[in-house]
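Colleague: Take this structure, written in structure tokens, and hold onto it; I'll ask about it next.
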Amino acid sequence: MAGESVGSHRRGYYLYLIPGFVGLVVIVIGPQIANFVLSFTAWKGVGTPRWVGGQNYQRLLTDDQFWGSMHNTLLYMISMTAIPVLIGIVLASLLFDYVRDQFGEKVSSFFRAAFYLPQILPLTVAGVLWGWILNPVGVANAILKTVGLGWLAQNWIGDATYALSAVSLVIVWVQVGYCLVVFMAGMSRIDPALYEAAQLDGAGWWQRLVSITIPMLAPEIFVVVLTTLIAALKVFAPVFVLTQGGPDDATLAPSYLTYYHFFTTQRVGYAAAVSTVQMILTLGLAVIFLMFQQRQAAKGA
Amino acid sequence: MAEVTVFASTPAKAVLAHAHQTRSPMRWFTLALLIALLAFTLFPFFIALLNAFKPGPDYVRGGPLSIPTYLQFDSIAKFWKDADYARKLFNSTLISVSVSVLAVGISLFNAYALGIGRVRGSAVILGILLLGTMVPQESIIYPIYWMAKTLGLYDTQLSVIIVTAVLHSAFGTYLLSSVMSTFPREILEAAEIDGASRWQTLTKVVIPIMSPTLMVLGTFFFIWTWNEFLIPVVMLVSNNNQTVAVAMGLTRGQNMSDPTLQAAAGLLGIAPTIIFFLIFQRTLTRGVIAGAVK
Amino acid sequence: MKIALSKVALVAAASLMLGTTAYAQDKTFNIWWYEGADSAQGITWTKALEELKANHPDVTVNFEQKTFDQLQQSGSMILNSAEAPDVLEYNKGNATAGLVSSQGLLTNLDDAYTAQGWDKILNEGQLVLSRYDDLGVYGSGHIWGISTYGEYVSAFYNIDAFEKAGVKVPTTLEELTAAFETFKAQGVTPLALGGASTSGQHLLASLAYTKADDTWVQNYQGLKAPLDGAPYLFAAQTLTDWLAKGYITKDSTGMNDDDASLQFTSGQSPMYVSGTWNLGNFSANIKDFKWGQFVIPTPKFSVGSTGNLWVIPKGSKNPELAKEFISLLLSTKYQTEQANNGGVSFAADPAGVTNPVGANASAVFAQIAAKQGLGFYPDWPVPGYYDVLNQKDTGLLQGTLTPEQFVDEIKQVYDDAQASQ
């Protein structure tokens with residue numbers, strides 16, 4: 001590894017970053033700067049923006065809706081990231097390392113495809129269907145009553161006690177498929193000999209999961225955790241279609257708040273301020289996470 | 001190494017066969033658990049199917065769980081006609097495939113430089129590239145609208161393709177560069193010794209080995225683009241350019257919606273992606289096997 | 001990558017071609033609306049457009065069925081571009097038609113109003129939402145759009161259930177409460193309510209209007225003063241009272257209008273308070289019982305208004321054809337046609353209307369309009385108030401807000417908007 005030759009060798013790789021960077025500057029960074037500038041104005045979406053300085057940010061500090069949505073975001077991180085990742089990893093390992101052996105490739109593929117289906121359904125449609133299921137006179141309560149568990153029936157999406165959990169349930173339902181498919185694709189990279197050797201040593205499914213699958217899947221796990229955390233910070237569609245942030249703002253998320261101000265109240269400047277804060281938080285989280293990932297990768301190597 | 005594996009596989013099979021007999025209850029318990037989970041996952045799809053062909057009065061009388069007295073195909077036919085669905089299917093397919101290919105390409109290039117090239121400052125570059133996944137779409141929509149209008153790209157599918165591809169490629173870059181950073185160095189070194197250029201290494205070595213992951217990525221992009229709502233609804237004005245996801249909005253009015261029509265629309269909306277996924281499913285399996293053989 | 005590039009080129013070429021064909025023909029008339037194809041408006045407008053086509057064989061008429069979402073989210077962006085059509089249906093109100101008119105994106109219809117003879121069909125009361133001032137606030141200023149139909153909120157009721165229970169159609173609030181009590185005593189929840197959507201806030205506003213006079217409604221709708229919460233307090237108290245007595249269920253916080261209307265159409269609840277936009281659905285799908293509608297007893301005001309507006313974008317290439325189309329929709333022929341399709345018409349020929357649903361609805365609307373009793377919708381004064389009312393309404397219904405707190409919270413948002421306008 002002569003430093004000189006490696007250095008010049010690596011420089012050539014920068015060429016491959018050009019398309020990505022041009023796109024990023026034009027589509028993301030430029031508009032994001034424009035959005036940042038807009039956050040210091042009052043604007044209705046057409047006409048000329050009026051400069052108002054830090055007023056939007058001042059307003060944000062005392063906006064209960066904003067703080068409430070930030071609080072809910074923490075809970076959405078659990079339903080977007082923690083639960084789906086855990087379920088995803090167990091399921092992926094079950095399907096890849098147990099079901100495939102026991103019942104064959106076809107059965108395993110079938111389950112994977114089926115668990116992925118919720119990802120395919122447009123969320124507007126999923127919202128309608130889950131609305132039918134979860135509303136107080138809906139399918140879920142009807143089933144509970146039929147099987148004699150009527151006392152368990154609840155006003156799932158209309159009662160602040162349950163609404164956030166109900167929305168979270170739908171999010172988990174959507175997210176598990178994504179985690180599962182990424183993890184299973186990652187498992188195909190793992191040398192089958194490792195599993196066979198472990199099996200010969202008498203390691204059960206659980207031991208193989210802990211000692212082989214999880215360590216080997218580290219790159220995919222990092223990817224899934226970071227992307228779903230980011231997604232949790234911008235969660236929008238499930239809230240939009242199921243509860244519109246209700247009842248009484250119990251399920252409000254920052255993205256729903258910005259959407260509401262961007263397109264409904266036409267307070268584009270204020271919406272830009274909320275989304276700028278949201279963006280900075282996301283960026284901060286991502287940077288911390290990436291630094292952590294780099295350190296882990298360095299340790300591994 | 002390979003030879004050892006081949007030999008080892010025979011006794012391993014024997015061990016497994018033995019395990020079948022002793023752990024039979026466990027085996028069926030696992031299957032039962034998976035099937036229960038499956039039933040939960042597929043339940044909303046069942047509800048969509050049940051209502052798409054239900055006559056309006058039946059729904060009005062008995063709600064979403066009632067069994068239809070007869071099957072009507074009017075809702076499906078009506079949505080197909082009202083939405084000019086054939087056209088929308090074509091548009092959505094064109095846009096989704098283009099985004100898939102373009103975004104996988106951009107991601108692959110980026111990841112090649114970051115994960116395999118390990119260029120200086122790759123963590124920072126990755127962080128910057130990741131901005132594409134972090135930005136809330138609503139916050140860039142006004143500037144992008146303005147840009148597209150200035151460039152004469154407003155109400156063109158090209159604008160949707162470019163914007164969506166760039167946004168998605170941020171995720172792709174991250175996924176691929178994470179995976180590529182674990183790419184076996186011996187293979188790369190071997191290619192270098194054989195005198196392969198960077199471009200040849202990418203096309204002849206990296207892409208074949210990465211193909212399962214690339215295909216998964218392509219599927220994600222296809223499906224995400226297919227269901228993308230905000231960007232197409234803002235950027236595509238004329239009906240002739242619009243997508244399936246936007247047409248879904250036809251079933252929702254200002255104050256009122258038609259439930260059986262929504263179910264029908266939902267069914268028509270997911271049918272193409274399911275078909276696509278089923279086709280892809282085979283390729284993926286083949287890709288996985290091919291990857292494992294190497 | 002090669003594939004990608006050729007794909008992109010293909011798309012670019014395709015979109016260019018579409019672009020040029022659209023501009024190549026001068027005699028193309030582009031028209032949009034988003035009312036459903038089988039709604040009263042949709043059916044009527046389609047027929048009128050056929051007549052327009054027949055009258056102008058040299059013109060290619062290009063109709064596009066739009067969605068509410070699209071115009072709601074990007075209406076102002078479209079109108080601010082070259083892609084706008086020659087005439088379109090657009091949302092009434094300050095945040096939509098008002099905003100774009102104040103930005104000079106619409107054609108002024110002051111002259112057309114008299115020149116086309118629309119002044120002989122419509123009265124000033126039906127123009128309130130057509131006029132927007134320089135700031136885009138409705139009620140005064142130039143005419144920027146024309147509505148050709150009306151809508152109002154009333155109670156739908158199950159005639160069979162009323163007869164069976166021996167309940168008469170109520171004409172006062174007391175009689176309404178008594179009717180509720182009768183049903184309740186028979187173990188029936190009398191009123192279906194979508195607490196999480198439109199019908200929740202419309203019921204609330206209907207109750208508020210029982211305590212509202214002209215000044216209150218004008219102040220409220222015009223953002224003229226800080227909110228006088230008294231009518232809303234009465235409404236909120238009445239609602240919590242009804243909840244306590246079981247006339248409505250606490251579950252309504254988890255129901256949207258689709259769920260609630262299902263309670264009515266399936267015969268489980270004998271009453272449902274909502275707008276005339278339900279008429280088409282109810283006519284087509286209720287097969288098991290007879291149903292009717294009565295207006296919530298108020299001294300003067302009912303929740304309701306003229307419908308969405310026909311507007312002509314500034315860049316319209318065929319403003320004359322657009323005006324001709326609006327004239328067609330306002331003609332006795334198509335007003336009668338609209339009532340026959342179950343719609344609420346301004347100027348139908350009563351002798352020509354054979355559909356009892358449309359005839360009744362048009363007659364009720366005429367009565368409300370005649371006493372100047374259109375109170376409009378509660379969410380109009382403040383952009384985004386729709387969501388605020390829904391959120392606070394569910395808070396009230398689930399018991400996390402007292403009526404006093406409810407009024408405080410909606411007053412805060414209202415006064416904030418009032419002060420900063």
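Residue numbering restarts at 1 in every chain; chains get A, B, ... in the order shown in the structure tokens, and ligands count up from 1 in that same order.
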Can you check which residues of chain B have any atom within 6 Å of chain C? Use only C-alpha atoms and format it as a PDB file with C-alpha atoms, in the first residue's frame.
Modeller:
ATOM      1  CA  GLY B  56     -73.386  -0.335  -3.200  1.00  0.00           C
ATOM      2  CA  PRO B  57     -76.689  -1.107  -1.407  1.00  0.00           C
ATOM      3  CA  VAL B  60     -74.757   0.613   2.753  1.00  0.00           C
ATOM      4  CA  ARG B  61     -76.804  -2.053   4.514  1.00  0.00           C
ATOM      5  CA  VAL B 101     -32.962   2.505 -13.662  1.00  0.00           C
ATOM      6  CA  LEU B 102     -31.750   6.064 -13.245  1.00  0.00           C
ATOM      7  CA  THR B 156     -43.577  16.880 -18.017  1.00  0.00           C
ATOM      8  CA  LEU B 158     -39.174  14.086 -17.181  1.00  0.00           C
ATOM      9  CA  VAL B 233     -49.761  15.719  -8.136  1.00  0.00           C
ATOM     10  CA  VAL B 234     -47.924  19.036  -8.145  1.00  0.00           C
ATOM     11  CA  GLY B 249     -57.710  10.623  -5.567  1.00  0.00           C
ATOM     12  CA  LEU B 250     -60.701  10.398  -7.929  1.00  0.00           C
ATOM     13  CA  GLY B 253     -64.340  14.066  -3.021  1.00  0.00           C
TER      14      GLY B 253
END
Colleague: Name all residues at most 9 Å from range 236-238 of chain C (count only C-alpha atoms; drop same-chain ones fewer than 2 positions away) and give them as a PyMOL selection string.
Modeller: chain C and resi 204+207-208+231-234+240-243+393+396+402-404+406-407
Colleague: Generate a file of the selected residues that holds N, CA and C atoms, formatted as a tab-separated table (two decimals), in the first residue's frame.
Modeller:
chain	number	residue	atom	x	y	z
C	204	LEU	N	-72.02	21.05	14.98
C	204	LEU	CA	-71.64	22.07	15.96
C	204	LEU	C	-72.05	23.46	15.49
C	207	LEU	N	-75.77	24.03	15.59
C	207	LEU	CA	-76.22	24.35	16.95
C	207	LEU	C	-75.83	25.79	17.32
C	208	ALA	N	-74.65	26.20	16.93
C	208	ALA	CA	-74.23	27.57	17.21
C	208	ALA	C	-75.17	28.57	16.54
C	231	PRO	N	-72.34	31.65	21.18
C	231	PRO	CA	-73.06	30.62	20.43
C	231	PRO	C	-72.33	29.28	20.42
C	232	TYR	N	-71.00	29.34	20.31
C	232	TYR	CA	-70.23	28.09	20.32
C	232	TYR	C	-70.29	27.41	21.68
C	233	LEU	N	-70.32	28.22	22.74
C	233	LEU	CA	-70.42	27.63	24.08
C	233	LEU	C	-71.74	26.88	24.22
C	234	PHE	N	-72.81	27.52	23.71
C	234	PHE	CA	-74.10	26.84	23.74
C	234	PHE	C	-74.04	25.53	22.96
C	240	THR	N	-72.21	18.15	24.56
C	240	THR	CA	-71.80	17.30	25.70
C	240	THR	C	-73.03	16.76	26.42
C	241	ASP	N	-74.09	17.56	26.46
C	241	ASP	CA	-75.33	17.11	27.07
C	241	ASP	C	-75.90	15.91	26.30
C	242	TRP	N	-75.91	16.03	24.98
C	242	TRP	CA	-76.42	14.94	24.13
C	242	TRP	C	-75.57	13.68	24.31
C	243	LEU	N	-74.28	13.93	24.46
C	243	LEU	CA	-73.36	12.81	24.65
C	243	LEU	C	-73.68	12.10	25.96
C	393	ASP	N	-63.22	19.50	18.26
C	393	ASP	CA	-64.50	18.80	18.34
C	393	ASP	C	-64.30	17.39	18.91
C	396	LEU	N	-63.62	17.60	22.58
C	396	LEU	CA	-64.86	17.80	23.31
C	396	LEU	C	-65.64	16.49	23.46
C	402	THR	N	-63.48	20.52	28.20
C	402	THR	CA	-64.81	20.94	28.64
C	402	THR	C	-65.33	21.93	27.60
C	403	PRO	N	-66.65	22.20	27.59
C	403	PRO	CA	-67.17	23.19	26.64
C	403	PRO	C	-66.43	24.52	26.75
C	404	GLU	N	-66.10	24.95	27.97
C	404	GLU	CA	-65.40	26.22	28.14
C	404	GLU	C	-64.02	26.16	27.51
C	406	PHE	N	-63.06	24.16	25.19
C	406	PHE	CA	-63.26	24.06	23.75
C	406	PHE	C	-63.35	25.45	23.13
C	407	VAL	N	-64.21	26.29	23.72
C	407	VAL	CA	-64.39	27.63	23.18
C	407	VAL	C	-63.09	28.43	23.29
Colleague: Excluding Arg100 in chain A and residues on its chain fewer than 3 positions from it, collect all residues at most 12 Å away from it, counting only C-alpha atoms, and give them as a ChimeraX atom specification.
Modeller: /A:91-97,103-112,184 /B:16,27,31
Colleague: Show me, as a list in words, the residues of chain A whose atoms get within 6 Å of chain C, using only C-alpha atoms for the distance check.
Modeller: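 For chain A, the answer reads Asn135, Pro136, Asn155, Ile157, Gly158, Gly246, Pro247, Asp248, Phe263, Thr264 and Thr265 of chain A.
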Colleague: Which residues are close to Leu236 in chain B, i.e. within 8 Å by only C-alpha atoms, leaving aside same-chain residues fewer than 5 positions away? Reply as a VMD selection string.
Modeller: chain B and resid 154 to 157 160 241 to 242
Colleague: Can I get the selection written as an mmCIF file, in the first residue's frame, with N, CA and C atoms?
Modeller:
data_model
loop_
_atom_site.group_PDB
_atom_site.id
_atom_site.type_symbol
_atom_site.label_atom_id
_atom_site.label_comp_id
_atom_site.auth_asym_id
_atom_site.auth_seq_id
_atom_site.Cartn_x
_atom_site.Cartn_y
_atom_site.Cartn_z
ATOM 1 N N TYR B 154 -42.229 22.024 -16.450
ATOM 2 C CA TYR B 154 -43.459 21.873 -15.670
ATOM 3 C C TYR B 154 -44.448 21.067 -16.503
ATOM 4 N N ASP B 155 -45.185 20.164 -15.843
ATOM 5 C CA ASP B 155 -46.116 19.282 -16.531
ATOM 6 C C ASP B 155 -45.419 18.360 -17.525
ATOM 7 N N THR B 156 -44.187 17.945 -17.225
ATOM 8 C CA THR B 156 -43.577 16.880 -18.017
ATOM 9 C C THR B 156 -43.189 15.753 -17.066
ATOM 10 N N GLN B 157 -43.246 14.537 -17.597
ATOM 11 C CA GLN B 157 -42.872 13.387 -16.770
ATOM 12 C C GLN B 157 -41.381 13.389 -16.483
ATOM 13 N N VAL B 160 -40.619 14.816 -13.121
ATOM 14 C CA VAL B 160 -40.918 13.892 -12.020
ATOM 15 C C VAL B 160 -39.840 12.820 -11.933
ATOM 16 N N ASN B 241 -50.601 13.021 -18.503
ATOM 17 C CA ASN B 241 -49.285 12.764 -17.931
ATOM 18 C C ASN B 241 -49.346 12.092 -16.572
ATOM 19 N N GLN B 242 -50.569 12.025 -15.996
ATOM 20 C CA GLN B 242 -50.639 11.636 -14.599
ATOM 21 C C GLN B 242 -50.478 10.162 -14.303
#
Colleague: Tell me as a PyMOL selection string which residues belonging to chain B come within 6 Å of chain A, counting only C-alpha atoms.
Modeller: chain B and resi 44+106+109-110+113+117+119+140+143+166+175+178-179+227+266+270+288
Colleague: Return the single residue from A:Ala232, A:Leu149, A:Leu209, A:Ala250 that is closest to Tyr162 in chain A, with distances computed using only C-alpha atoms.
Modeller: A:Ala250
Colleague: What does the distance from CA of Pro55 in chain B to CA of Thr260 in chain B come to in Å, to one decimal?
Modeller: 7.6 Å
Colleague: In Å, how far is it from CA of Ala212 in chain C to CA of Pro297 in chain C?
Modeller: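 These two atoms are separated by 12.3 Å.
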Colleague: Write out as a ChimeraX atom specification all residues of range 136-319 of chain C that backbone DSSP assigns to alpha helix (DSSP H).
Modeller: /C:159-165,173-185,198-209,214-222,230-245,257-265,279-285,319
Colleague: Give me the residues within 12 Å of Tyr132 in chain C as a PyMOL selection string, counting only C-alpha atoms and dropping any in the same chain fewer than 6 places off.
Modeller: chain C and resi 92-104+106+108-110+138-146+222
Colleague: Per DSSP on the backbone, filter range 151-334 of chain C down to the residues in strand (DSSP E or B) and report them as a PyMOL selection string.
Modeller: chain C and resi 151-158+191-192+271-275+291-294+302+304-306+309-311+313
